[in-house]
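This is work23.pdb. It holds PDB, C-alpha atoms.
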ATOM      1  CA  MET M 289     -42.974  26.786  -0.126
ATOM      2  CA  SER M 290     -40.259  28.660   1.746
ATOM      3  CA  THR M 291     -37.842  28.679   4.654
ATOM      4  CA  LEU M 292     -39.683  29.237   7.904
ATOM      5  CA  ILE M 293     -38.197  30.639  11.116
ATOM      6  CA  TYR M 294     -39.558  29.783  14.543
ATOM      7  CA  THR M 295     -38.618  32.035  17.435
ATOM      8  CA  HIS M 296     -40.209  33.551  20.541
ATOM      9  CA  ASP M 297     -39.437  36.475  22.825
ATOM     10  CA  ALA M 298     -39.757  34.104  25.796
ATOM     11  CA  CYS M 299     -36.357  32.727  24.802
ATOM     12  CA  TYR M 300     -34.821  36.032  25.924
ATOM     13  CA  GLU M 301     -36.123  35.385  29.433
ATOM     14  CA  HIS M 302     -33.793  32.440  30.026
ATOM     15  CA  GLN M 303     -31.193  34.422  31.974
ATOM     16  CA  PRO M 304     -28.594  32.145  33.588
ATOM     17  CA  GLY M 305     -26.452  34.966  34.966
ATOM     18  CA  GLU M 306     -24.631  38.123  33.943
ATOM     19  CA  HIS M 307     -21.394  36.437  32.882
ATOM     20  CA  HIS M 308     -22.840  33.177  31.574
ATOM     21  CA  PRO M 309     -21.833  32.474  27.928
ATOM     22  CA  GLU M 310     -25.348  31.322  27.006
ATOM     23  CA  SER M 311     -26.833  34.802  27.177
ATOM     24  CA  PRO M 312     -29.911  36.433  25.629
ATOM     25  CA  ALA M 313     -27.521  38.500  23.492
ATOM     26  CA  ARG M 314     -26.926  35.362  21.418
ATOM     27  CA  LEU M 315     -30.503  35.263  20.192
ATOM     28  CA  ARG M 316     -30.567  39.017  19.609
ATOM     29  CA  ALA M 317     -27.504  38.658  17.366
ATOM     30  CA  VAL M 318     -29.125  35.830  15.400
ATOM     31  CA  ARG M 319     -32.393  37.659  14.928
ATOM     32  CA  ARG M 320     -30.690  40.873  13.848
ATOM     33  CA  ALA M 321     -28.711  38.929  11.262
ATOM     34  CA  LEU M 322     -31.865  37.352   9.854
ATOM     35  CA  GLU M 323     -33.900  40.557   9.804
ATOM     36  CA  THR M 324     -31.792  42.238   7.107
ATOM     37  CA  PRO M 325     -33.066  42.748   3.538
ATOM     38  CA  ASP M 326     -31.220  39.631   2.309
ATOM     39  CA  PHE M 327     -33.658  37.547   4.333
ATOM     40  CA  ALA M 328     -36.878  39.366   3.460
ATOM     41  CA  SER M 329     -38.477  36.210   2.048
ATOM     42  CA  LEU M 330     -38.253  34.324   5.339
ATOM     43  CA  VAL M 331     -41.558  33.467   6.987
ATOM     44  CA  TRP M 332     -41.483  34.141  10.744
ATOM     45  CA  ARG M 333     -43.692  32.381  13.273
ATOM     46  CA  GLU M 334     -43.941  32.380  17.049
ATOM     47  CA  ALA M 335     -42.778  29.131  18.581
ATOM     48  CA  PRO M 336     -45.620  27.302  20.322
ATOM     49  CA  LEU M 337     -45.204  25.820  23.769
ATOM     50  CA  GLY M 338     -44.049  22.248  23.685
ATOM     51  CA  THR M 339     -45.819  19.679  25.812
ATOM     52  CA  ALA M 340     -44.618  17.436  28.608
ATOM     53  CA  GLU M 341     -45.674  14.474  26.457
ATOM     54  CA  GLN M 342     -43.312  15.586  23.697
ATOM     55  CA  VAL M 343     -40.442  16.017  26.152
ATOM     56  CA  LYS M 344     -41.070  12.559  27.614
ATOM     57  CA  LEU M 345     -40.455  10.978  24.213
ATOM     58  CA  VAL M 346     -36.760  11.398  25.105
ATOM     59  CA  HIS M 347     -36.519  12.304  28.782
ATOM     60  CA  ALA M 348     -37.461  10.221  31.804
ATOM     61  CA  ALA M 349     -40.796  11.232  33.295
ATOM     62  CA  ASP M 350     -39.358  11.810  36.762
ATOM     63  CA  TYR M 351     -36.664  14.108  35.328
ATOM     64  CA  VAL M 352     -39.229  16.122  33.360
ATOM     65  CA  ASP M 353     -41.410  16.462  36.449
ATOM     66  CA  TRP M 354     -38.391  17.456  38.554
ATOM     67  CA  VAL M 355     -37.403  20.232  36.113
ATOM     68  CA  HIS M 356     -40.922  21.637  36.293
ATOM     69  CA  ASP M 357     -40.922  21.371  40.086
ATOM     70  CA  VAL M 358     -37.571  23.092  40.670
ATOM     71  CA  ALA M 359     -37.997  25.859  38.082
ATOM     72  CA  PRO M 360     -37.542  29.024  40.170
ATOM     73  CA  THR M 361     -40.039  31.817  40.515
ATOM     74  CA  ARG M 362     -37.225  34.102  41.694
ATOM     75  CA  GLY M 363     -33.455  33.933  41.655
ATOM     76  CA  LEU M 364     -31.428  31.216  39.935
ATOM     77  CA  ARG M 365     -31.385  27.436  40.267
ATOM     78  CA  ALA M 366     -28.415  25.336  39.098
ATOM     79  CA  LEU M 367     -29.434  21.962  37.678
ATOM     80  CA  ASP M 368     -25.911  20.536  37.545
ATOM     81  CA  GLY M 369     -22.548  21.726  38.839
ATOM     82  CA  GLY M 370     -23.334  25.277  37.774
ATOM     83  CA  ASP M 371     -23.151  25.270  33.974
ATOM     84  CA  THR M 372     -26.872  24.700  33.496
ATOM     85  CA  VAL M 373     -28.868  27.336  35.350
ATOM     86  CA  MET M 374     -32.578  28.166  35.334
ATOM     87  CA  SER M 375     -34.053  31.596  35.958
ATOM     88  CA  PRO M 376     -37.771  32.406  36.355
ATOM     89  CA  GLY M 377     -38.178  32.617  32.577
ATOM     90  CA  SER M 378     -36.246  29.479  31.725
ATOM     91  CA  LEU M 379     -39.025  26.896  31.860
ATOM     92  CA  GLN M 380     -41.132  28.685  29.274
ATOM     93  CA  ALA M 381     -38.026  29.255  27.135
ATOM     94  CA  VAL M 382     -37.085  25.572  27.038
ATOM     95  CA  MET M 383     -40.675  24.584  26.327
ATOM     96  CA  ARG M 384     -40.746  27.078  23.427
ATOM     97  CA  CYS M 385     -37.576  25.387  22.128
ATOM     98  CA  VAL M 386     -39.346  22.025  22.199
ATOM     99  CA  GLY M 387     -42.473  23.476  20.628
ATOM    100  CA  ALA M 388     -40.512  25.108  17.807
ATOM    101  CA  ALA M 389     -38.662  21.907  16.958
ATOM    102  CA  CYS M 390     -41.807  19.780  16.897
ATOM    103  CA  ALA M 391     -43.802  22.385  14.966
ATOM    104  CA  GLY M 392     -40.968  22.566  12.464
ATOM    105  CA  VAL M 393     -41.237  18.821  11.908
ATOM    106  CA  ASP M 394     -44.990  19.160  11.389
ATOM    107  CA  ASP M 395     -44.463  21.946   8.844
ATOM    108  CA  VAL M 396     -41.953  20.146   6.661
ATOM    109  CA  MET M 397     -43.950  16.923   6.823
ATOM    110  CA  SER M 398     -47.140  18.685   5.724
ATOM    111  CA  GLY M 399     -45.381  20.681   3.010
ATOM    112  CA  ALA M 400     -46.150  24.001   4.711
ATOM    113  CA  ALA M 401     -42.419  24.825   4.540
ATOM    114  CA  THR M 402     -39.480  23.636   2.503
ATOM    115  CA  ASN M 403     -37.265  23.734   5.570
ATOM    116  CA  VAL M 404     -37.285  25.299   9.026
ATOM    117  CA  PHE M 405     -34.750  27.047  11.243
ATOM    118  CA  CYS M 406     -35.472  27.287  14.972
ATOM    119  CA  ALA M 407     -33.972  30.534  16.301
ATOM    120  CA  THR M 408     -34.433  29.550  19.919
ATOM    121  CA  ARG M 409     -32.356  29.160  23.059
ATOM    122  CA  PRO M 410     -31.067  27.560  25.240
ATOM    123  CA  CYS M 411     -29.321  24.810  23.320
ATOM    124  CA  GLY M 412     -30.229  21.179  23.958
ATOM    125  CA  HIS M 413     -27.858  18.549  22.598
ATOM    126  CA  HIS M 414     -26.044  17.832  25.887
ATOM    127  CA  ALA M 415     -29.229  17.073  27.835
ATOM    128  CA  GLU M 416     -29.424  13.361  28.615
ATOM    129  CA  SER M 417     -32.488  11.315  29.517
ATOM    130  CA  SER M 418     -32.327  12.191  33.219
ATOM    131  CA  ARG M 419     -29.659  14.867  33.357
ATOM    132  CA  ALA M 420     -29.212  18.532  32.498
ATOM    133  CA  MET M 421     -25.703  19.523  31.476
ATOM    134  CA  GLY M 422     -23.688  21.843  29.266
ATOM    135  CA  PHE M 423     -26.244  24.709  29.335
ATOM    136  CA  CYS M 424     -28.945  22.255  28.118
ATOM    137  CA  VAL M 425     -32.184  21.311  29.919
ATOM    138  CA  PHE M 426     -34.213  19.395  27.290
ATOM    139  CA  ASN M 427     -32.836  17.949  24.056
ATOM    140  CA  GLN M 428     -35.051  19.507  21.401
ATOM    141  CA  ALA M 429     -33.255  17.888  18.433
ATOM    142  CA  ALA M 430     -33.745  14.386  19.812
ATOM    143  CA  ILE M 431     -37.317  15.224  20.825
ATOM    144  CA  ALA M 432     -38.053  16.425  17.286
ATOM    145  CA  ALA M 433     -36.743  13.145  15.866
ATOM    146  CA  LEU M 434     -38.963  11.050  18.132
ATOM    147  CA  HIS M 435     -41.892  13.363  17.443
ATOM    148  CA  ALA M 436     -41.417  12.684  13.731
ATOM    149  CA  ARG M 437     -41.665   8.975  14.402
ATOM    150  CA  HIS M 438     -44.622   9.073  16.781
ATOM    151  CA  GLN M 439     -46.642  11.779  15.041
ATOM    152  CA  HIS M 440     -45.788  11.086  11.398
ATOM    153  CA  GLY M 441     -44.781   7.420  11.352
ATOM    154  CA  LEU M 442     -41.265   7.954   9.997
ATOM    155  CA  GLN M 443     -38.951   4.973  10.204
ATOM    156  CA  ARG M 444     -35.558   6.664   9.635
ATOM    157  CA  VAL M 445     -34.626  10.056  11.093
ATOM    158  CA  ALA M 446     -31.141  11.567  11.234
ATOM    159  CA  VAL M 447     -29.653  14.300  13.400
ATOM    160  CA  ILE M 448     -26.398  15.840  12.176
ATOM    161  CA  ASP M 449     -24.540  18.011  14.675
ATOM    162  CA  PHE M 450     -21.717  20.394  13.713
ATOM    163  CA  ASP M 451     -21.476  22.163  17.075
ATOM    164  CA  VAL M 452     -17.905  22.306  18.387
ATOM    165  CA  HIS M 453     -18.996  20.120  21.330
ATOM    166  CA  HIS M 454     -20.154  16.534  20.995
ATOM    167  CA  GLY M 455     -23.884  16.063  21.552
ATOM    168  CA  ASN M 456     -23.687  13.358  24.189
ATOM    169  CA  GLY M 457     -27.394  13.635  24.964
ATOM    170  CA  THR M 458     -28.479  12.990  21.385
ATOM    171  CA  GLN M 459     -26.052  10.095  21.110
ATOM    172  CA  GLN M 460     -27.455   8.558  24.285
ATOM    173  CA  ALA M 461     -31.042   8.900  23.027
ATOM    174  CA  PHE M 462     -30.214   7.280  19.662
ATOM    175  CA  TRP M 463     -27.686   4.653  20.758
ATOM    176  CA  GLY M 464     -29.995   1.633  20.914
ATOM    177  CA  ASP M 465     -32.327   2.482  18.022
ATOM    178  CA  ALA M 466     -31.257   1.455  14.522
ATOM    179  CA  GLY M 467     -33.917   3.716  12.996
ATOM    180  CA  LEU M 468     -32.222   6.830  14.380
ATOM    181  CA  PHE M 469     -28.903   8.133  13.055
ATOM    182  CA  TYR M 470     -26.641  10.588  14.872
ATOM    183  CA  GLY M 471     -23.605  12.101  13.175
ATOM    184  CA  SER M 472     -21.329  14.628  14.844
ATOM    185  CA  SER M 473     -18.220  16.619  14.017
ATOM    186  CA  HIS M 474     -16.657  18.098  17.129
ATOM    187  CA  GLN M 475     -13.433  19.183  18.773
ATOM    188  CA  SER M 476     -11.643  16.453  20.721
ATOM    189  CA  PRO M 477     -10.367  16.300  23.379
ATOM    190  CA  PHE M 478     -12.955  18.757  24.640
ATOM    191  CA  TYR M 479     -16.131  18.976  26.697
ATOM    192  CA  PRO M 480     -18.057  16.710  27.363
ATOM    193  CA  GLY M 481     -15.421  14.024  26.713
ATOM    194  CA  THR M 482     -17.604  11.759  24.568
ATOM    195  CA  GLY M 483     -17.698  11.259  20.800
ATOM    196  CA  ALA M 484     -14.851   8.869  20.011
ATOM    197  CA  ARG M 485     -14.942   7.109  16.643
ATOM    198  CA  GLN M 486     -15.523   3.729  18.282
ATOM    199  CA  GLU M 487     -18.798   4.970  19.820
ATOM    200  CA  ALA M 488     -20.963   3.568  17.020
ATOM    201  CA  GLY M 489     -24.337   2.629  18.475
ATOM    202  CA  VAL M 490     -26.345  -0.568  18.211
ATOM    203  CA  ALA M 491     -26.191  -0.720  14.401
ATOM    204  CA  GLN M 492     -23.373   1.626  13.349
ATOM    205  CA  ASN M 493     -26.053   4.317  13.559
ATOM    206  CA  ILE M 494     -23.683   6.685  15.383
ATOM    207  CA  VAL M 495     -20.874   8.318  13.389
ATOM    208  CA  ASN M 496     -18.457  10.534  15.277
ATOM    209  CA  VAL M 497     -15.836  12.696  13.576
ATOM    210  CA  PRO M 498     -13.547  14.018  16.335
ATOM    211  CA  LEU M 499     -11.234  16.819  15.212
ATOM    212  CA  ALA M 500      -8.196  18.249  16.965
ATOM    213  CA  ARG M 501      -8.085  21.864  18.010
ATOM    214  CA  GLY M 502      -7.014  24.039  15.079
ATOM    215  CA  SER M 503      -8.101  21.523  12.428
ATOM    216  CA  GLY M 504      -9.580  24.215  10.191
ATOM    217  CA  SER M 505     -11.528  24.026   6.957
ATOM    218  CA  LYS M 506      -9.470  21.516   4.990
ATOM    219  CA  LEU M 507      -9.468  18.736   7.567
ATOM    220  CA  PHE M 508     -13.092  19.367   8.517
ATOM    221  CA  ARG M 509     -14.216  18.976   4.911
ATOM    222  CA  GLN M 510     -11.977  15.965   4.284
ATOM    223  CA  GLN M 511     -13.181  14.058   7.330
ATOM    224  CA  MET M 512     -16.845  14.890   6.867
ATOM    225  CA  GLY M 513     -16.644  13.935   3.196
ATOM    226  CA  ALA M 514     -14.867  10.657   3.909
ATOM    227  CA  GLU M 515     -16.766   9.488   6.993
ATOM    228  CA  LEU M 516     -20.023  11.178   7.929
ATOM    229  CA  LEU M 517     -21.585  12.095   4.589
ATOM    230  CA  PRO M 518     -21.291   8.598   3.041
ATOM    231  CA  ALA M 519     -22.822   7.057   6.163
ATOM    232  CA  LEU M 520     -25.675   9.556   6.052
ATOM    233  CA  ARG M 521     -26.392   8.750   2.401
ATOM    234  CA  SER M 522     -26.380   5.050   3.191
ATOM    235  CA  PHE M 523     -28.804   5.549   6.086
ATOM    236  CA  ALA M 524     -31.157   7.457   3.736
ATOM    237  CA  PRO M 525     -33.199   9.387   6.318
ATOM    238  CA  GLU M 526     -36.775  10.415   5.640
ATOM    239  CA  LEU M 527     -36.152  13.596   7.638
ATOM    240  CA  LEU M 528     -32.962  15.491   8.449
ATOM    241  CA  ILE M 529     -32.606  17.440  11.686
ATOM    242  CA  ILE M 530     -29.541  19.654  12.107
ATOM    243  CA  SER M 531     -28.053  20.614  15.458
ATOM    244  CA  ALA M 532     -26.623  23.874  14.164
ATOM    245  CA  GLY M 533     -23.952  25.077  16.550
ATOM    246  CA  PHE M 534     -21.653  27.876  15.448
ATOM    247  CA  ASP M 535     -19.026  27.642  18.193
ATOM    248  CA  ALA M 536     -16.673  25.910  15.735
ATOM    249  CA  HIS M 537     -16.364  29.360  14.101
ATOM    250  CA  GLU M 538     -12.885  30.857  14.020
ATOM    251  CA  LEU M 539     -14.095  33.823  16.115
ATOM    252  CA  ASP M 540     -15.555  31.724  18.931
ATOM    253  CA  PRO M 541     -13.907  32.249  22.345
ATOM    254  CA  LEU M 542     -14.734  28.759  23.656
ATOM    255  CA  GLY M 543     -14.012  26.550  20.649
ATOM    256  CA  GLY M 544     -10.893  26.062  18.574
ATOM    257  CA  LEU M 545     -11.759  24.378  15.278
ATOM    258  CA  GLU M 546     -11.341  27.621  13.289
ATOM    259  CA  LEU M 547     -14.104  27.101  10.738
ATOM    260  CA  THR M 548     -15.333  29.944   8.535
ATOM    261  CA  ASP M 549     -18.709  31.065   7.239
ATOM    262  CA  ASP M 550     -17.873  29.287   3.975
ATOM    263  CA  ASP M 551     -17.544  26.013   5.883
ATOM    264  CA  PHE M 552     -21.066  26.411   7.244
ATOM    265  CA  VAL M 553     -22.306  27.042   3.711
ATOM    266  CA  TRP M 554     -20.423  23.953   2.528
ATOM    267  CA  ILE M 555     -21.660  21.559   5.206
ATOM    268  CA  THR M 556     -25.241  22.811   4.917
ATOM    269  CA  GLN M 557     -25.230  22.242   1.149
ATOM    270  CA  GLU M 558     -23.580  18.839   1.524
ATOM    271  CA  LEU M 559     -26.217  17.748   4.020
ATOM    272  CA  LEU M 560     -29.000  18.954   1.746
ATOM    273  CA  ASP M 561     -27.486  17.099  -1.203
ATOM    274  CA  ALA M 562     -26.872  13.899   0.759
ATOM    275  CA  THR M 563     -30.504  13.681   1.877
ATOM    276  CA  ALA M 564     -32.269  15.214  -1.133
ATOM    277  CA  ALA M 565     -33.601  11.923  -2.474
ATOM    278  CA  SER M 566     -34.524  10.176   0.760
ATOM    279  CA  ALA M 567     -35.798  13.160   2.784
ATOM    280  CA  GLN M 568     -37.196  15.066  -0.207
ATOM    281  CA  GLY M 569     -35.792  18.315   1.164
ATOM    282  CA  ARG M 570     -37.380  17.956   4.608
ATOM    283  CA  VAL M 571     -34.946  19.670   6.987
ATOM    284  CA  VAL M 572     -35.407  21.148  10.457
ATOM    285  CA  SER M 573     -32.384  23.029  11.772
ATOM    286  CA  ILE M 574     -32.126  23.954  15.449
ATOM    287  CA  LEU M 575     -29.765  26.515  16.951
ATOM    288  CA  GLU M 576     -27.256  25.038  19.388
ATOM    289  CA  GLY M 577     -24.065  26.783  20.560
ATOM    290  CA  GLY M 578     -22.035  29.773  19.408
ATOM    291  CA  TYR M 579     -20.520  32.304  21.813
ATOM    292  CA  SER M 580     -18.902  34.929  19.607
ATOM    293  CA  LEU M 581     -21.820  37.191  18.757
ATOM    294  CA  GLU M 582     -20.175  38.141  15.459
ATOM    295  CA  GLY M 583     -19.328  34.564  14.530
ATOM    296  CA  LEU M 584     -22.735  33.321  15.620
ATOM    297  CA  ALA M 585     -24.530  35.944  13.541
ATOM    298  CA  SER M 586     -22.479  35.471  10.389
ATOM    299  CA  GLY M 587     -22.417  31.685  10.667
ATOM    300  CA  THR M 588     -26.169  31.525  11.158
ATOM    301  CA  ALA M 589     -26.728  33.866   8.226
ATOM    302  CA  ALA M 590     -24.545  31.682   5.989
ATOM    303  CA  HIS M 591     -26.437  28.563   7.097
ATOM    304  CA  VAL M 592     -29.923  30.005   6.672
ATOM    305  CA  ARG M 593     -29.051  31.599   3.334
ATOM    306  CA  THR M 594     -28.113  28.114   2.098
ATOM    307  CA  LEU M 595     -31.372  26.656   3.393
ATOM    308  CA  MET M 596     -33.277  29.396   1.552
ATOM    309  CA  ALA M 597     -31.610  28.458  -1.736
ATOM    310  CA  ALA M 598     -32.641  24.796  -1.452
TER     311      ALA M 598
END
Go ahead and render the structure in this file as structure tokens.
Amino acid sequence: MSTLIYTHDACYEHQPGEHHPESPARLRAVRRALETPDFASLVWREAPLGTAEQVKLVHAADYVDWVHDVAPTRGLRALDGGDTVMSPGSLQAVMRCVGAACAGVDDVMSGAATNVFCATRPCGHHAESSRAMGFCVFNQAAIAALHARHQHGLQRVAVIDFDVHHGNGTQQAFWGDAGLFYGSSHQSPFYPGTGARQEAGVAQNIVNVPLARGSGSKLFRQQMGAELLPALRSFAPELLIISAGFDAHELDPLGGLELTDDDFVWITQELLDATAASAQGRVVSILEGGYSLEGLASGTAAHVRTLMAA
């Protein structure tokens, strides 16, 4: 078994505008970083198209239908105040994101892969049940978790999110379900304004670790080690999904947590260790944010290299 990468050229065709931070250059940087000799053992596959039925595991049917209806055939269409924009290639891109995440779950559950990284865009963790926001249209991490339950009968699935922004959409999807665990480290105060420690879900199944701007490696590791990792071990998920955002990197122009590549190695290894017994190594990691091309590339490489060593 090996680490498997899902990606698709359709993800380049999500083009929200010339100066938009969530640009196709992000995926090019990630793929270049993972196509070097150090990563020669990776197995690459084209992301399949996700289905509307998979999306509706998390999102309201009328919202899913609306997104399909308003997807432009020319020009741009803003789905919110202007942050989340669709171009003619966006609908296929977001459906490839969903397809990659769900296929990744299928692969680790069948034993076809040790773990999976989805090199896809746009990101998804801000998308709520009936609302696009924060560059996100559909929430592929949450969809993957529900797919694992409905397709494979899992009772306990965790999503851990180390993007610099809180994943309000994943939290909303998991809030009332004790069989789903969401843990997030994120900068606070910061967009989207959610993710306080007291936001704990129906059964303490939400663990938020808000960090002040400039916290850096030491505080990040202390807080994750004291709060999130013990809760994750206690939850004992049968599958771990990672919302892997790299905008907490010290080079990122939008974030300010000042993490390093070594921190992404550390948290990846800690997550693998914390879930080794319960999840038996089953991990699906999904690309979220990261807006310094250099920081995104090096952070992703550090993360995937750690997955490969599992």
Query raised in the report: Between M:Ser566, M:Thr291, M:Gln511, M:Gln380, which is the closest to Trp332 in chain M once you count all atoms listed in the file?
Result: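 The closest residue to Trp332 in chain M is M:Thr291.
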**Report entry** Pick from M:Ser473, M:Asp465, M:Ser290, M:Ala321 nearest to Phe508 in chain M, counting all atoms listed in the file
**Finding:** M:Ser473
Requested in this report: Run the PyMOL selection byres ((chain M and resi 494-506) around 6) against the file shown and list the residues it catches, as a list in words.
Outcome: Phe469, Tyr470, Gly471, Ser472, Ser473, His474, Gln475, Ser476, Gly483, Arg485, Ala488, Gly489, Gln492, Asn493, Leu507, Phe508, Arg509, Gly544, Leu545, Glu546 and Leu547 of chain M
Query raised in the report: Which residues, written as an NGL selection string, have at least one atom at most 10 Å from range 375-378 of chain M, with only C-alpha atoms counted and residues fewer than 4 positions away on the same chain left out?
Result: :M and (298-305 or 359-366 or 382-384 or 409-410 or 425)
Around (-20.3, 8.5, 21.3) in the file's frame, which residues reach within 6 Å when counting all atoms listed in the file? Return as an mmCIF file with C-alpha atoms, in the frame of the given file?
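Writing the result to point-v4.cif gives the following:
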data_model
loop_
_atom_site.group_PDB
_atom_site.id
_atom_site.type_symbol
_atom_site.label_atom_id
_atom_site.label_comp_id
_atom_site.auth_asym_id
_atom_site.auth_seq_id
_atom_site.Cartn_x
_atom_site.Cartn_y
_atom_site.Cartn_z
ATOM 1 C CA GLN M 459 -26.052 10.095 21.110
ATOM 2 C CA THR M 482 -17.604 11.759 24.568
ATOM 3 C CA GLY M 483 -17.698 11.259 20.800
ATOM 4 C CA ALA M 484 -14.851 8.869 20.011
ATOM 5 C CA GLU M 487 -18.798 4.970 19.820
#
Requested in this report: Would you work out the distance separating CA of Gln443 in chain M from CA of Leu468 in chain M, expressed in Å to one decimal?
Outcome: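 Answer for the CA of Gln443 in chain M to CA of Leu468 in chain M separation: 8.1 Å.
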Query raised in the report: Looking at only C-alpha atoms, which of M:His438, M:His414, M:Arg314, M:His356 is the one that sits closest to Gln342 in chain M?
Result: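 Residue with the minimum atom-to-atom distance to Gln342 in chain M: M:His438.
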Just write range 309-330 of chain M with N, CA and C atoms, as a PDB file, in the first residue's frame, taken from the block above.
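Listed below is the output, result_0.pdb:
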ATOM      1  N   PRO M 309      -7.224  35.663  -4.370  1.00  0.00           N
ATOM      2  CA  PRO M 309      -6.164  34.848  -3.742  1.00  0.00           C
ATOM      3  C   PRO M 309      -6.269  33.360  -4.067  1.00  0.00           C
ATOM      4  N   GLU M 310      -7.478  32.872  -4.311  1.00  0.00           N
ATOM      5  CA  GLU M 310      -7.663  31.434  -4.538  1.00  0.00           C
ATOM      6  C   GLU M 310      -7.511  31.169  -6.041  1.00  0.00           C
ATOM      7  N   SER M 311      -6.264  31.200  -6.493  1.00  0.00           N
ATOM      8  CA  SER M 311      -5.976  31.174  -7.919  1.00  0.00           C
ATOM      9  C   SER M 311      -5.493  29.800  -8.368  1.00  0.00           C
ATOM     10  N   PRO M 312      -5.574  29.517  -9.665  1.00  0.00           N
ATOM     11  CA  PRO M 312      -5.037  28.250 -10.178  1.00  0.00           C
ATOM     12  C   PRO M 312      -3.554  28.065  -9.881  1.00  0.00           C
ATOM     13  N   ALA M 313      -2.821  29.155  -9.693  1.00  0.00           N
ATOM     14  CA  ALA M 313      -1.389  29.047  -9.391  1.00  0.00           C
ATOM     15  C   ALA M 313      -1.143  28.260  -8.111  1.00  0.00           C
ATOM     16  N   ARG M 314      -2.113  28.253  -7.208  1.00  0.00           N
ATOM     17  CA  ARG M 314      -1.964  27.493  -5.961  1.00  0.00           C
ATOM     18  C   ARG M 314      -1.797  26.001  -6.257  1.00  0.00           C
ATOM     19  N   LEU M 315      -2.657  25.482  -7.097  1.00  0.00           N
ATOM     20  CA  LEU M 315      -2.582  24.055  -7.412  1.00  0.00           C
ATOM     21  C   LEU M 315      -1.331  23.741  -8.227  1.00  0.00           C
ATOM     22  N   ARG M 316      -0.940  24.635  -9.115  1.00  0.00           N
ATOM     23  CA  ARG M 316       0.299  24.405  -9.866  1.00  0.00           C
ATOM     24  C   ARG M 316       1.482  24.296  -8.908  1.00  0.00           C
ATOM     25  N   ALA M 317       1.528  25.158  -7.892  1.00  0.00           N
ATOM     26  CA  ALA M 317       2.627  25.125  -6.932  1.00  0.00           C
ATOM     27  C   ALA M 317       2.636  23.807  -6.154  1.00  0.00           C
ATOM     28  N   VAL M 318       1.467  23.344  -5.760  1.00  0.00           N
ATOM     29  CA  VAL M 318       1.367  22.080  -5.027  1.00  0.00           C
ATOM     30  C   VAL M 318       1.815  20.917  -5.900  1.00  0.00           C
ATOM     31  N   ARG M 319       1.336  20.877  -7.116  1.00  0.00           N
ATOM     32  CA  ARG M 319       1.685  19.754  -7.983  1.00  0.00           C
ATOM     33  C   ARG M 319       3.167  19.758  -8.346  1.00  0.00           C
ATOM     34  N   ARG M 320       3.731  20.920  -8.577  1.00  0.00           N
ATOM     35  CA  ARG M 320       5.176  20.968  -8.841  1.00  0.00           C
ATOM     36  C   ARG M 320       5.964  20.436  -7.646  1.00  0.00           C
ATOM     37  N   ALA M 321       5.538  20.795  -6.458  1.00  0.00           N
ATOM     38  CA  ALA M 321       6.250  20.344  -5.258  1.00  0.00           C
ATOM     39  C   ALA M 321       6.190  18.840  -5.092  1.00  0.00           C
ATOM     40  N   LEU M 322       5.096  18.233  -5.527  1.00  0.00           N
ATOM     41  CA  LEU M 322       4.908  16.794  -5.344  1.00  0.00           C
ATOM     42  C   LEU M 322       5.351  15.974  -6.555  1.00  0.00           C
ATOM     43  N   GLU M 323       5.864  16.638  -7.562  1.00  0.00           N
ATOM     44  CA  GLU M 323       6.344  15.929  -8.751  1.00  0.00           C
ATOM     45  C   GLU M 323       7.864  15.876  -8.811  1.00  0.00           C
ATOM     46  N   THR M 324       8.527  16.154  -7.704  1.00  0.00           N
ATOM     47  CA  THR M 324       9.982  16.077  -7.617  1.00  0.00           C
ATOM     48  C   THR M 324      10.397  14.648  -7.279  1.00  0.00           C
ATOM     49  N   PRO M 325      11.673  14.313  -7.456  1.00  0.00           N
ATOM     50  CA  PRO M 325      12.125  12.937  -7.210  1.00  0.00           C
ATOM     51  C   PRO M 325      11.835  12.414  -5.807  1.00  0.00           C
ATOM     52  N   ASP M 326      11.788  13.296  -4.806  1.00  0.00           N
ATOM     53  CA  ASP M 326      11.493  12.851  -3.438  1.00  0.00           C
ATOM     54  C   ASP M 326      10.141  12.160  -3.331  1.00  0.00           C
ATOM     55  N   PHE M 327       9.253  12.454  -4.267  1.00  0.00           N
ATOM     56  CA  PHE M 327       7.889  11.943  -4.193  1.00  0.00           C
ATOM     57  C   PHE M 327       7.594  10.933  -5.303  1.00  0.00           C
ATOM     58  N   ALA M 328       8.635  10.298  -5.809  1.00  0.00           N
ATOM     59  CA  ALA M 328       8.474   9.391  -6.948  1.00  0.00           C
ATOM     60  C   ALA M 328       7.580   8.200  -6.638  1.00  0.00           C
ATOM     61  N   SER M 329       7.457   7.825  -5.375  1.00  0.00           N
ATOM     62  CA  SER M 329       6.648   6.653  -5.030  1.00  0.00           C
ATOM     63  C   SER M 329       5.162   6.959  -4.902  1.00  0.00           C
ATOM     64  N   LEU M 330       4.781   8.219  -5.003  1.00  0.00           N
ATOM     65  CA  LEU M 330       3.362   8.559  -4.942  1.00  0.00           C
ATOM     66  C   LEU M 330       2.609   7.941  -6.117  1.00  0.00           C
TER      67      LEU M 330
END
